[in-house]
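Asker: The following file, data_36.cif, comprises mmCIF, C-alpha atoms and all ligand atoms:
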data_entry
#
loop_
_atom_site.label_atom_id
_atom_site.label_comp_id
_atom_site.auth_asym_id
_atom_site.auth_seq_id
_atom_site.Cartn_x
_atom_site.Cartn_y
_atom_site.Cartn_z
CA MET A 1 -47.78 -21.25 30.49
CA GLU A 2 -51.06 -20.56 28.73
CA GLU A 3 -51.12 -19.53 25.14
CA ASP A 4 -53.84 -17.39 23.73
CA ASP A 5 -54.53 -17.54 20.06
CA GLU A 6 -54.36 -13.85 19.30
CA ASN A 7 -51.02 -13.23 20.79
CA PRO A 8 -49.45 -16.62 21.20
CA PRO A 9 -46.41 -16.50 23.43
CA LEU A 10 -43.33 -18.38 22.49
CA ALA A 11 -41.96 -20.12 25.50
CA ILE A 12 -39.90 -23.21 25.87
CA ARG A 13 -39.13 -24.82 29.18
CA ILE A 14 -35.65 -26.17 29.50
CA GLU A 15 -34.72 -28.38 32.38
CA GLU A 16 -31.55 -26.60 33.24
CA LYS A 17 -29.61 -23.76 33.09
CA PRO A 18 -29.61 -20.93 30.56
CA LYS A 19 -32.31 -18.34 30.83
CA LEU A 20 -34.28 -18.19 27.74
CA ILE A 21 -36.40 -15.46 26.31
CA LEU A 22 -38.31 -15.84 23.15
CA SER A 23 -39.45 -12.74 21.44
CA GLU A 24 -41.48 -11.89 18.43
CA SER A 25 -40.19 -8.64 17.04
CA SER A 26 -42.84 -5.95 16.90
CA SER A 27 -41.68 -5.37 13.37
CA LEU A 28 -42.24 -8.94 12.32
CA SER A 29 -43.01 -9.42 8.70
CA GLU A 30 -44.29 -12.68 7.26
CA ASN A 31 -41.36 -13.00 4.92
CA SER A 32 -38.29 -11.12 5.88
CA GLY A 33 -36.66 -12.36 2.72
CA GLU A 34 -33.51 -13.34 4.58
CA TYR A 35 -34.85 -16.42 6.32
CA GLU A 36 -34.84 -19.50 4.20
CA VAL A 37 -37.24 -22.25 5.20
CA GLY A 38 -35.30 -25.42 5.98
CA SER A 39 -32.00 -23.67 6.44
CA PRO A 40 -30.24 -23.70 9.81
CA VAL A 41 -31.19 -20.93 12.23
CA GLY A 42 -28.41 -18.36 12.66
CA VAL A 43 -26.98 -17.78 16.12
CA THR A 44 -25.28 -14.52 17.01
CA VAL A 45 -23.03 -14.78 20.04
CA ILE A 46 -22.84 -11.51 21.98
CA THR A 47 -19.88 -11.06 24.23
CA GLY A 48 -18.07 -8.17 25.90
CA TYR A 49 -16.61 -6.86 29.09
CA LEU A 50 -18.78 -6.18 32.14
CA GLY A 51 -21.05 -3.23 31.53
CA ALA A 52 -19.95 -2.68 27.94
CA GLY A 53 -23.53 -2.72 26.64
CA LYS A 54 -24.51 -6.32 25.82
CA SER A 55 -28.03 -6.00 27.24
CA THR A 56 -28.35 -2.64 25.51
CA LEU A 57 -27.52 -4.34 22.23
CA ILE A 58 -30.09 -7.07 22.84
CA ASN A 59 -32.71 -4.43 23.57
CA THR A 60 -31.77 -2.58 20.39
CA ILE A 61 -32.12 -5.76 18.35
CA LEU A 62 -35.38 -6.91 19.97
CA ASN A 63 -36.98 -3.56 19.37
CA GLY A 64 -35.44 -2.97 15.95
CA GLN A 65 -36.82 -3.14 12.44
CA HIS A 66 -35.38 -6.33 11.07
CA GLY A 67 -38.42 -8.49 10.44
CA LYS A 68 -36.95 -11.45 12.30
CA ARG A 69 -38.50 -13.53 15.05
CA ILE A 70 -35.75 -13.71 17.58
CA ALA A 71 -34.99 -15.99 20.50
CA VAL A 72 -32.55 -14.91 23.20
CA ILE A 73 -30.51 -17.15 25.47
CA ILE A 74 -28.76 -15.57 28.42
CA ASN A 75 -26.30 -17.16 30.76
CA GLU A 76 -25.90 -15.52 34.07
CA PHE A 77 -23.55 -16.76 36.72
CA GLY A 78 -23.18 -16.40 40.44
CA GLU A 79 -25.39 -14.31 42.64
CA GLY A 80 -26.89 -11.95 40.14
CA ILE A 81 -29.77 -14.14 39.04
CA GLY A 82 -32.62 -11.99 37.88
CA VAL A 83 -30.49 -8.96 37.15
CA GLU A 84 -30.02 -9.75 33.51
CA ARG A 85 -33.73 -10.18 33.07
CA ALA A 86 -34.34 -6.70 34.43
CA MET A 87 -31.99 -5.33 31.81
CA ILE A 88 -34.05 -6.64 28.93
CA ASN A 89 -37.01 -4.58 27.82
CA GLU A 90 -39.89 -6.99 27.50
CA GLY A 91 -41.97 -4.55 25.50
CA ASP A 92 -45.13 -2.71 26.48
CA ASP A 93 -47.40 -5.07 24.67
CA GLY A 94 -45.95 -8.13 26.35
CA ALA A 95 -44.50 -9.28 23.07
CA LEU A 96 -41.63 -10.92 24.91
CA VAL A 97 -42.45 -14.03 26.85
CA GLU A 98 -39.74 -15.42 29.06
CA GLU A 99 -38.70 -18.59 30.76
CA TRP A 100 -35.93 -18.11 33.30
CA VAL A 101 -33.72 -20.90 34.50
CA GLU A 102 -30.88 -20.58 36.97
CA LEU A 103 -27.42 -21.56 35.90
CA ALA A 104 -25.65 -23.62 38.54
CA ASN A 105 -22.04 -23.04 39.37
CA GLY A 106 -19.61 -25.60 38.13
CA CYS A 107 -17.30 -26.12 35.23
CA VAL A 108 -18.28 -23.31 32.94
CA CYS A 109 -17.38 -24.99 29.68
CA CYS A 110 -19.10 -28.30 30.48
CA THR A 111 -22.21 -26.83 32.07
CA VAL A 112 -22.67 -24.29 29.37
CA LYS A 113 -22.02 -26.76 26.61
CA HIS A 114 -24.51 -29.29 27.92
CA SER A 115 -27.28 -26.86 28.69
CA LEU A 116 -26.68 -24.84 25.59
CA VAL A 117 -27.04 -27.87 23.35
CA GLN A 118 -30.24 -28.78 25.17
CA ALA A 119 -31.66 -25.28 24.85
CA LEU A 120 -30.79 -25.08 21.19
CA GLU A 121 -32.25 -28.49 20.43
CA GLN A 122 -35.53 -27.42 21.95
CA LEU A 123 -35.47 -24.06 20.25
CA VAL A 124 -34.95 -25.44 16.81
CA GLN A 125 -37.93 -27.73 17.22
CA ARG A 126 -39.82 -24.44 17.00
CA LYS A 127 -37.91 -23.50 13.91
CA ASP A 128 -41.08 -22.57 12.09
CA ARG A 129 -41.39 -19.69 14.53
CA ILE A 130 -37.80 -18.58 14.99
CA ASP A 131 -35.59 -16.87 12.47
CA HIS A 132 -32.59 -16.04 14.60
CA ILE A 133 -31.08 -16.68 18.03
CA LEU A 134 -29.10 -14.23 20.16
CA LEU A 135 -26.84 -15.75 22.78
CA GLU A 136 -25.43 -13.44 25.43
CA THR A 137 -22.37 -14.85 27.13
CA THR A 138 -22.46 -12.97 30.41
CA GLY A 139 -19.80 -14.27 32.73
CA LEU A 140 -17.84 -16.01 30.02
CA ALA A 141 -14.43 -14.65 29.30
CA ASP A 142 -13.72 -16.88 26.38
CA PRO A 143 -16.36 -17.26 23.66
CA ALA A 144 -14.45 -20.06 21.93
CA PRO A 145 -16.14 -23.07 23.60
CA ILE A 146 -19.56 -21.69 22.78
CA ALA A 147 -18.48 -20.91 19.24
CA SER A 148 -17.20 -24.42 18.74
CA VAL A 149 -20.44 -25.98 20.05
CA LEU A 150 -22.39 -24.02 17.51
CA TRP A 151 -20.02 -24.22 14.67
CA LEU A 152 -19.07 -27.85 14.49
CA ASP A 153 -21.35 -29.82 16.81
CA ASP A 154 -22.62 -32.83 14.88
CA GLN A 155 -25.94 -32.92 16.69
CA LEU A 156 -26.73 -29.33 15.89
CA GLU A 157 -24.97 -28.87 12.60
CA SER A 158 -27.98 -29.03 10.33
CA THR A 159 -30.32 -27.07 12.56
CA VAL A 160 -28.33 -24.10 13.82
CA ARG A 161 -25.31 -22.28 12.48
CA LEU A 162 -22.95 -19.83 14.10
CA ASP A 163 -23.68 -16.57 12.31
CA SER A 164 -21.11 -14.33 13.97
CA ILE A 165 -19.54 -13.30 17.25
CA ILE A 166 -20.24 -9.72 18.24
CA THR A 167 -18.08 -8.15 20.92
CA VAL A 168 -19.37 -5.01 22.59
CA VAL A 169 -16.54 -2.78 23.73
CA ASP A 170 -16.75 0.15 26.12
CA ALA A 171 -14.97 2.91 24.21
CA LYS A 172 -14.11 4.80 27.36
CA HIS A 173 -12.58 1.91 29.27
CA ILE A 174 -11.18 -0.41 26.64
CA ARG A 175 -7.67 1.06 26.71
CA LEU A 176 -7.47 0.65 30.45
CA GLN A 177 -8.83 -2.89 30.28
CA LEU A 178 -6.30 -3.90 27.63
CA LYS A 179 -3.47 -2.21 29.51
CA GLU A 180 -4.37 -3.91 32.77
CA TYR A 181 -4.48 -7.33 31.18
CA HIS A 182 -1.32 -6.72 29.24
CA GLU A 183 0.65 -5.55 32.24
CA ALA A 184 -0.67 -8.15 34.63
CA ALA A 185 -0.14 -10.89 32.01
CA THR A 186 -3.25 -12.53 33.41
CA PHE A 187 -5.93 -14.39 31.53
CA PRO A 188 -6.47 -12.01 28.66
CA GLU A 189 -10.24 -11.66 28.83
CA ALA A 190 -10.51 -8.37 26.99
CA PHE A 191 -8.05 -9.60 24.35
CA LEU A 192 -9.88 -12.87 23.83
CA GLN A 193 -13.21 -11.17 23.33
CA ILE A 194 -11.73 -8.91 20.67
CA ALA A 195 -9.67 -11.69 19.12
CA PHE A 196 -12.74 -13.86 18.50
CA ALA A 197 -14.97 -11.06 17.26
CA ASP A 198 -16.32 -10.92 13.76
CA VAL A 199 -17.94 -7.61 14.66
CA VAL A 200 -16.83 -5.15 17.32
CA ILE A 201 -19.34 -2.57 18.50
CA LEU A 202 -17.31 0.32 19.83
CA ASN A 203 -20.00 1.51 22.20
CA LYS A 204 -20.35 4.54 24.48
CA PHE A 205 -18.42 6.87 22.25
CA ASP A 206 -20.18 9.75 24.00
CA LEU A 207 -17.99 9.05 27.03
CA ILE A 208 -14.55 8.93 25.47
CA LEU A 209 -13.82 12.61 25.51
CA GLN A 210 -14.92 13.28 29.05
CA ASP A 211 -11.52 12.58 30.55
CA ASP A 212 -9.53 13.67 27.57
CA LYS A 213 -7.31 16.58 28.47
CA CYS A 214 -5.90 17.16 25.01
CA ASN A 215 -9.07 18.38 23.33
CA CYS A 216 -8.72 15.83 20.57
CA LEU A 217 -11.41 15.54 17.93
CA ILE A 218 -13.81 12.68 18.58
CA GLY A 219 -13.10 11.34 15.08
CA ASP A 220 -9.37 11.09 15.86
CA VAL A 221 -9.96 9.31 19.15
CA LEU A 222 -12.32 6.85 17.49
CA GLU A 223 -9.87 6.23 14.68
CA ASP A 224 -7.12 5.55 17.20
CA LEU A 225 -9.29 3.08 19.08
CA GLN A 226 -10.22 1.32 15.86
CA LYS A 227 -6.54 0.99 14.95
CA GLU A 228 -5.87 -0.46 18.36
CA ILE A 229 -8.64 -3.03 17.98
CA HIS A 230 -7.40 -3.92 14.51
CA THR A 231 -3.91 -4.44 15.91
CA ILE A 232 -5.39 -7.32 17.86
CA ASN A 233 -7.88 -8.50 15.25
CA SER A 234 -7.63 -7.07 11.78
CA LEU A 235 -10.54 -9.21 10.54
CA ALA A 236 -13.15 -7.61 12.79
CA THR A 237 -15.59 -5.12 11.33
CA ILE A 238 -15.92 -2.22 13.75
CA PHE A 239 -19.03 -0.11 14.26
CA PRO A 240 -18.73 2.91 16.56
CA ALA A 241 -22.04 3.29 18.38
CA LEU A 242 -24.04 5.18 20.93
CA HIS A 243 -26.24 2.91 23.04
CA CYS A 244 -25.44 0.13 20.56
CA GLN A 245 -27.49 1.79 17.84
CA VAL A 246 -26.15 0.08 14.74
CA ASP A 247 -27.63 -0.91 11.41
CA LEU A 248 -29.17 -4.28 12.26
CA HIS A 249 -28.79 -5.52 8.71
CA GLU A 250 -25.05 -5.14 9.21
CA ILE A 251 -24.94 -7.33 12.29
CA LEU A 252 -27.62 -9.99 11.81
CA ASN A 253 -27.15 -12.68 9.20
CA ARG A 254 -23.46 -11.97 8.59
CA LYS A 255 -22.68 -15.64 7.83
CA ALA A 256 -19.15 -15.15 9.06
CA TYR A 257 -18.42 -18.89 9.10
CA ASP A 258 -20.09 -20.02 5.89
CA ALA A 259 -17.75 -21.24 3.18
CA ASN A 260 -20.32 -20.43 0.52
CA HIS A 261 -20.75 -16.86 1.73
CA PHE A 262 -17.29 -16.13 0.65
CA ALA A 263 -17.33 -12.56 -0.65
CA HIS A 264 -17.18 -11.14 2.86
CA LEU A 265 -14.22 -13.26 3.87
CA GLU A 266 -12.47 -12.41 0.63
CA ALA A 267 -12.84 -8.70 1.33
CA LEU A 268 -11.57 -9.15 4.87
CA LEU A 269 -8.56 -11.09 3.75
CA GLU A 270 -7.85 -8.52 1.08
CA ASP A 271 -7.73 -5.78 3.73
CA SER A 272 -6.09 -7.67 6.53
CA LYS A 273 -2.54 -6.93 7.42
CA THR A 274 -0.05 -8.26 9.85
CA ALA A 275 0.12 -5.91 12.79
CA PRO A 276 3.51 -4.22 12.41
CA ALA A 277 6.12 -4.98 15.04
CA SER A 278 6.31 -1.27 15.61
CA ALA A 279 2.60 -1.10 16.45
CA ARG A 280 1.99 1.54 19.07
CA HIS A 281 0.86 -1.06 21.55
CA ASP A 282 2.97 -4.15 21.56
CA TYR A 283 0.30 -6.58 22.67
CA SER A 284 1.07 -10.27 22.79
CA VAL A 285 -2.33 -10.93 21.17
CA ARG A 286 -2.33 -9.74 17.58
CA THR A 287 -3.13 -10.49 13.96
CA LEU A 288 -0.61 -12.03 11.63
CA CYS A 289 -0.95 -12.85 7.97
CA ILE A 290 0.98 -15.21 5.69
CA CYS A 291 0.78 -15.38 1.89
CA GLU A 292 2.19 -17.95 -0.52
CA ASP A 293 1.76 -18.15 -4.30
CA LEU A 294 2.48 -21.83 -4.86
CA PRO A 295 -0.24 -24.50 -4.77
CA VAL A 296 -0.42 -26.59 -1.61
CA ASP A 297 -1.01 -30.24 -0.85
CA LEU A 298 -4.28 -30.43 1.10
CA THR A 299 -3.25 -33.41 3.21
CA LYS A 300 -0.09 -31.63 4.24
CA VAL A 301 -2.00 -28.46 5.05
CA ARG A 302 -4.18 -30.48 7.40
CA LEU A 303 -1.13 -31.96 9.13
CA TRP A 304 0.46 -28.53 9.38
CA ILE A 305 -2.60 -26.87 10.87
CA GLU A 306 -3.13 -29.77 13.28
CA ASP A 307 0.45 -29.47 14.40
CA LEU A 308 -0.11 -25.80 15.03
CA LEU A 309 -3.50 -25.97 16.70
CA TRP A 310 -3.24 -29.29 18.49
CA GLU A 311 0.39 -29.99 19.26
CA LYS A 312 1.33 -26.37 19.93
CA LYS A 313 4.99 -27.29 19.64
CA SER A 314 5.87 -23.78 18.61
CA LEU A 315 4.27 -22.38 21.80
CA MET A 316 2.04 -20.10 19.75
CA ASP A 317 -1.55 -19.86 20.91
CA VAL A 318 -3.79 -19.49 17.87
CA TYR A 319 -7.30 -18.36 18.80
CA ARG A 320 -8.76 -17.75 15.40
CA CYS A 321 -7.69 -18.43 11.86
CA LYS A 322 -9.25 -17.69 8.48
CA GLY A 323 -7.86 -18.10 5.03
CA VAL A 324 -8.06 -19.11 1.41
CA LEU A 325 -6.05 -21.98 -0.03
CA TYR A 326 -4.74 -22.60 -3.51
CA VAL A 327 -4.90 -26.39 -3.56
CA LYS A 328 -2.83 -28.51 -5.92
CA ASP A 329 -4.82 -30.42 -8.58
CA SER A 330 -8.06 -28.62 -7.74
CA ASP A 331 -9.84 -25.92 -9.69
CA GLU A 332 -11.64 -24.80 -6.54
CA LEU A 333 -10.70 -22.13 -4.08
CA HIS A 334 -10.74 -23.63 -0.56
CA THR A 335 -11.45 -21.79 2.66
CA LEU A 336 -9.86 -22.47 6.01
CA GLN A 337 -11.61 -21.54 9.26
CA ALA A 338 -10.45 -22.33 12.77
CA VAL A 339 -11.68 -21.50 16.25
CA ARG A 340 -9.15 -22.66 18.82
CA GLU A 341 -8.40 -26.31 18.07
CA LEU A 342 -11.34 -26.83 15.73
CA TYR A 343 -10.79 -26.22 12.07
CA GLU A 344 -12.52 -26.78 8.77
CA ILE A 345 -11.25 -26.69 5.19
CA LEU A 346 -13.90 -26.59 2.50
CA PRO A 347 -14.05 -25.97 -1.24
CA ALA A 348 -15.86 -22.63 -1.62
CA ARG A 349 -16.10 -21.93 -5.35
CA ARG A 350 -14.26 -22.39 -8.63
CA TRP A 351 -11.36 -20.04 -9.23
CA HIS A 352 -12.28 -17.23 -11.59
CA HIS A 353 -10.02 -16.74 -14.58
CA ASN A 354 -8.93 -13.31 -13.33
CA ASP A 355 -8.26 -14.44 -9.74
CA GLN A 356 -4.73 -14.29 -8.51
CA LYS A 357 -4.42 -17.82 -7.18
CA MET A 358 -2.66 -17.84 -3.86
CA ASN A 359 -2.78 -18.97 -0.24
CA LYS A 360 -3.56 -16.30 2.29
CA ILE A 361 -4.04 -17.16 5.93
CA VAL A 362 -4.76 -14.76 8.76
CA PHE A 363 -3.99 -15.81 12.33
CA ILE A 364 -5.20 -14.12 15.47
CA GLY A 365 -3.56 -15.29 18.65
CA ARG A 366 -1.00 -14.94 21.37
CA ASP A 367 2.77 -14.99 20.91
CA LEU A 368 2.49 -15.54 17.17
CA ASP A 369 5.82 -15.86 15.42
CA GLU A 370 5.73 -14.73 11.81
CA THR A 371 9.01 -16.38 10.83
CA VAL A 372 8.04 -19.74 12.29
CA LEU A 373 4.63 -19.64 10.61
CA LYS A 374 6.00 -18.66 7.23
CA THR A 375 8.91 -21.06 7.16
CA SER A 376 6.93 -23.99 8.50
CA PHE A 377 4.19 -23.38 5.95
CA SER A 378 6.62 -23.15 3.04
CA SER A 379 8.77 -26.08 4.04
CA PHE A 380 6.01 -28.39 5.22
CA VAL A 381 3.15 -27.76 2.88
CA LEU A 382 4.53 -26.94 -0.54
N1 LIG B 1 -23.24 6.88 28.20
C1 LIG B 1 -23.58 5.73 27.64
N2 LIG B 1 -24.08 4.73 28.41
C2 LIG B 1 -24.41 3.57 27.80
C3 LIG B 1 -24.26 3.38 26.41
N3 LIG B 1 -24.67 2.12 26.12
C4 LIG B 1 -25.07 1.55 27.27
N4 LIG B 1 -24.92 2.41 28.31
C5 LIG B 1 -25.22 2.19 29.72
O1 LIG B 1 -24.22 1.35 30.28
C6 LIG B 1 -24.75 0.55 31.33
C7 LIG B 1 -24.42 -0.92 31.12
O2 LIG B 1 -25.07 -1.38 29.95
P1 LIG B 1 -25.56 -2.88 29.79
O3 LIG B 1 -26.20 -2.99 28.45
O4 LIG B 1 -26.33 -3.31 30.97
O5 LIG B 1 -24.16 -3.63 29.80
P2 LIG B 1 -23.88 -5.21 29.86
O6 LIG B 1 -22.65 -5.44 29.04
O7 LIG B 1 -25.08 -5.97 29.49
O8 LIG B 1 -23.56 -5.37 31.39
P3 LIG B 1 -23.25 -6.77 32.17
O9 LIG B 1 -24.27 -7.76 31.75
O10 LIG B 1 -23.33 -6.36 33.60
O11 LIG B 1 -21.87 -7.15 31.80
C8 LIG B 1 -26.26 0.84 31.33
O12 LIG B 1 -26.50 1.78 32.31
C9 LIG B 1 -26.50 1.44 29.94
O13 LIG B 1 -27.61 2.30 29.92
C10 LIG B 1 -23.73 4.46 25.63
O14 LIG B 1 -23.53 4.38 24.41
N5 LIG B 1 -23.40 5.60 26.29
#
Before we go any further, please render this structure as structure tokens.
Answerer:
Amino acid sequence: MEEDDENPPLAIRIEEKPKLILSESSSLSENSGEYEVGSPVGVTVITGYLGAGKSTLINTILNGQHGKRIAVIINEFGEGIGVERAMINEGDDGALVEEWVELANGCVCCTVKHSLVQALEQLVQRKDRIDHILLETTGLADPAPIASVLWLDDQLESTVRLDSIITVVDAKHIRLQLKEYHEAATFPEAFLQIAFADVVILNKFDLILQDDKCNCLIGDVLEDLQKEIHTINSLATIFPALHCQVDLHEILNRKAYDANHFAHLEALLEDSKTAPASARHDYSVRTLCICEDLPVDLTKVRLWIEDLLWEKKSLMDVYRCKGVLYVKDSDELHTLQAVRELYEILPARRWHHNDQKMNKIVFIGRDLDETVLKTSFSSFVL
């Protein structure tokens, strides 16, 4: 592909599989202020049910005022090659230059992992020209493997960082989708996407009242839906939206996995609650929170969490876990983050004199048992 000096296209050829678009935002500013030279490039994973509005969100971001130079990676599976491309607005001025590569069928996790690492490695070589990467996971029910590649992959660790997982939800259909999965007890796609989300965009709220026979106020319906989403994942920040129009500063650069960007996690943990047993919808995927005042032994915490995430003796399926730890013989607050079987415990900052030192861990997962979690934590770790 030829590059002309006035409007140099950004295009990177990758040998296989994800489609890759590189875009320079029309609102590009030389220094957005948020991009630090030398720091890893943030990756936002965009997931969501079929038709929920993922491409709409990408279009909103590409055409938005955020001052970032953004690269987009799209995975598309099966027969629909080319469809995703048509959904993305390339811009009148040709500001978006694309390189499309077909994704072969095969083991989703392996294929995606391999080609994703390759694509990212090539992208970050152009780091001087990219501030942020959007990764749309079309066709992937479970964002966890992608998240773990980005979050803890040794090869990529210093060059890219998982910024956040955004799940786009169709406000009109989400109840039905959750109900269907719940009743059929099948692979809980809609649950997983919400369970892993740092941000949920509750999209298409214009459609939710169309079938509503009770003349409810739109505010009440939205509030109900938000409660329902928080029953599954109380850590997710929810933005109701029309055509995915959201404040881009709220969704880009969230640093949801950074130990040293701790204020956000602290606020989330402060607010998070265990979904009550009497929750209106008794889903098997839910949020559960345990608190403990006494200092813990870090080595034992590691063994405990490994037992939980790796051995799965208790039959609980933990998808996501975030927390703060009050570690014995340390004057630093530690953070715990886990995505599926991967976890990380890091010192985040020194305890402040007015902090209430305690352990607080939030779990999001399937068939979580509060009693087992609490008693095993107290007996094992303290
Ligand atoms: N009424 C309404 N329609 C919307 C809204 N947001 C998106 N749509 C429409 O919903 C349809 C699907 O949106 P997409 O952005 O293509 O959804 P997607 O999640 O990328 O779809 P897949 O990639 O097929 O899973 C399009 O026709 C959009 O124009 C909204 O807020 N309200």
Asker: Produce as a ChimeraX atom specification the set of residues near ligand LIG 1 (chain B), where near means within 8 Å with only C-alpha atoms and all ligand atoms considered.
Answerer: /A:47-58,84,87,138-139,168,203-207,241-244
Asker: What does the structure give for the distance between CA of Ile166 (chain A) and CA of Ile73 (chain A), in Å to one decimal?
Answerer: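 CA of Ile166 (chain A) sits 14.6 Å away from CA of Ile73 (chain A).
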Asker: Taking 5 positions as the minimum chain separation for residues in the same chain, which residues sit within 9 Å of Asp297 (chain A) when counting only C-alpha atoms? Answer as a count of residues only.
Answerer: 7
Asker: Could you check the closest approach to Ile130 (chain A) for each of A:Ser115, A:Thr60, A:Ser39, A:Gln193 and tell me which residue wins, using all atoms listed in the file?
Answerer: A:Ser39
Asker: Considering all atoms listed in the file, can you say which of A:Val246, A:Leu134, A:Ile345, A:Val160 comes closest to Thr299 (chain A)?
Answerer: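 When distances to Thr299 (chain A) are compared using all atoms listed in the file, the smallest one comes from A:Ile345.
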Asker: CA of Leu217 (chain A) and CA of Leu235 (chain A) are how many Å apart?
Answerer: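 Value for the CA of Leu217 (chain A)-CA of Leu235 (chain A) distance: 25.8 Å.
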Asker: Rank A:Val199, A:Val72, A:Ile305, A:Ala171 by their smallest atom-to-atom distance to Gln337 (chain A), using all atoms listed in the file, and report the top residue only.
Answerer: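 When distances to Gln337 (chain A) are compared using all atoms listed in the file, the smallest one comes from A:Ile305.
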